[in-house]
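First the structure, in the form of structure tokens, and then the observations on it.
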Amino acid sequence: MTKWGAGVTTLGAGMTTLGAGMAKLSAGMTQLGAGVTQLGAGMAKVCVLLFIVSLVGCASPPKPASTVDRPAWSGRLSIKIDATDTAAAQQNTAGFTLSGNPQAGQLDLLTPLGSKAAQVLWDTGFATLTDGKVGRRFLDLADALESVTGAKIPVSNLFGWLQGKQDKALEASMGWEVDLTRLAEGRIIAIRVAPQPRIELRVVLEP
């Protein structure tokens, strides 16, 4: 009986040791599960960051090739038109790529995600606008731009501003005040103070 009791005691001790080992194993599995959960959360954050980076990449308009005969620019523009007695205020912001000159060229207006919202092609005596509707034809780029933005922009002056050229006397006679002091940073501000409504054009160029 003494031997039998000793055996039972040894068996009990073994079971206790086994139980302790199982408890440690369970704790280890719990820690492993927590680690996997943290890894999954980390991977999710990485995926979100990659998605955001991809959107930012899409939002940056591709810069067209620029040559001496056909200069090109890209960036973002904002046009704000004040309210009048007969019309509500308007504000339009878009990415853009522009190439050419006042006589011939191409302007693409882009959504925040970089897809094409509208395209204007022009040459001597005509301009065509495509903006998801049936293509429309205009006499020149200025008329096409007014149709899509609501603002009458002095196109010849605009190309001059983009190249750092300014005729203050002519601009004043047309009611425009233009600030090119930050052009080196890619920024242009042009405001039409007369006639009404007041129009504010801001351009931020991509480097």
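Residue numbering restarts at 1 in every chain; chains get A, B, ... in the order shown in the structure tokens, and ligands count up from 1 in that same order.
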
Excluding Thr93 of chain A and its own-chain neighbours fewer than 3 positions away, which residues fall within 7 Å of it when counting only C-alpha atoms? Please give them as JSON, numbers by chain. {"A": [77, 78, 79]}

So what do you get for atom CA of Gly186 of chain A versus atom CA of Val204 of chain A, distance-wise?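 We find that atom CA of Gly186 of chain A and atom CA of Val204 of chain A lie 5.4 Å from each other.
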
I'd like to know which of A:Gln106, A:Phe159, A:Leu170, A:Thr181 is closest to Ala144 of chain A, using only C-alpha atoms.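 The closest residue to Ala144 of chain A is A:Gln106.
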
For atom CA of Asp131 of chain A and atom CA of Gln196 of chain A, determine how far apart the two atoms are, in Å to one decimal place.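 Those two atoms sit 27.3 Å apart.
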
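Atom CA of Val178 of chain A sits 26.0 Å away from atom CA of Asp85 of chain A.
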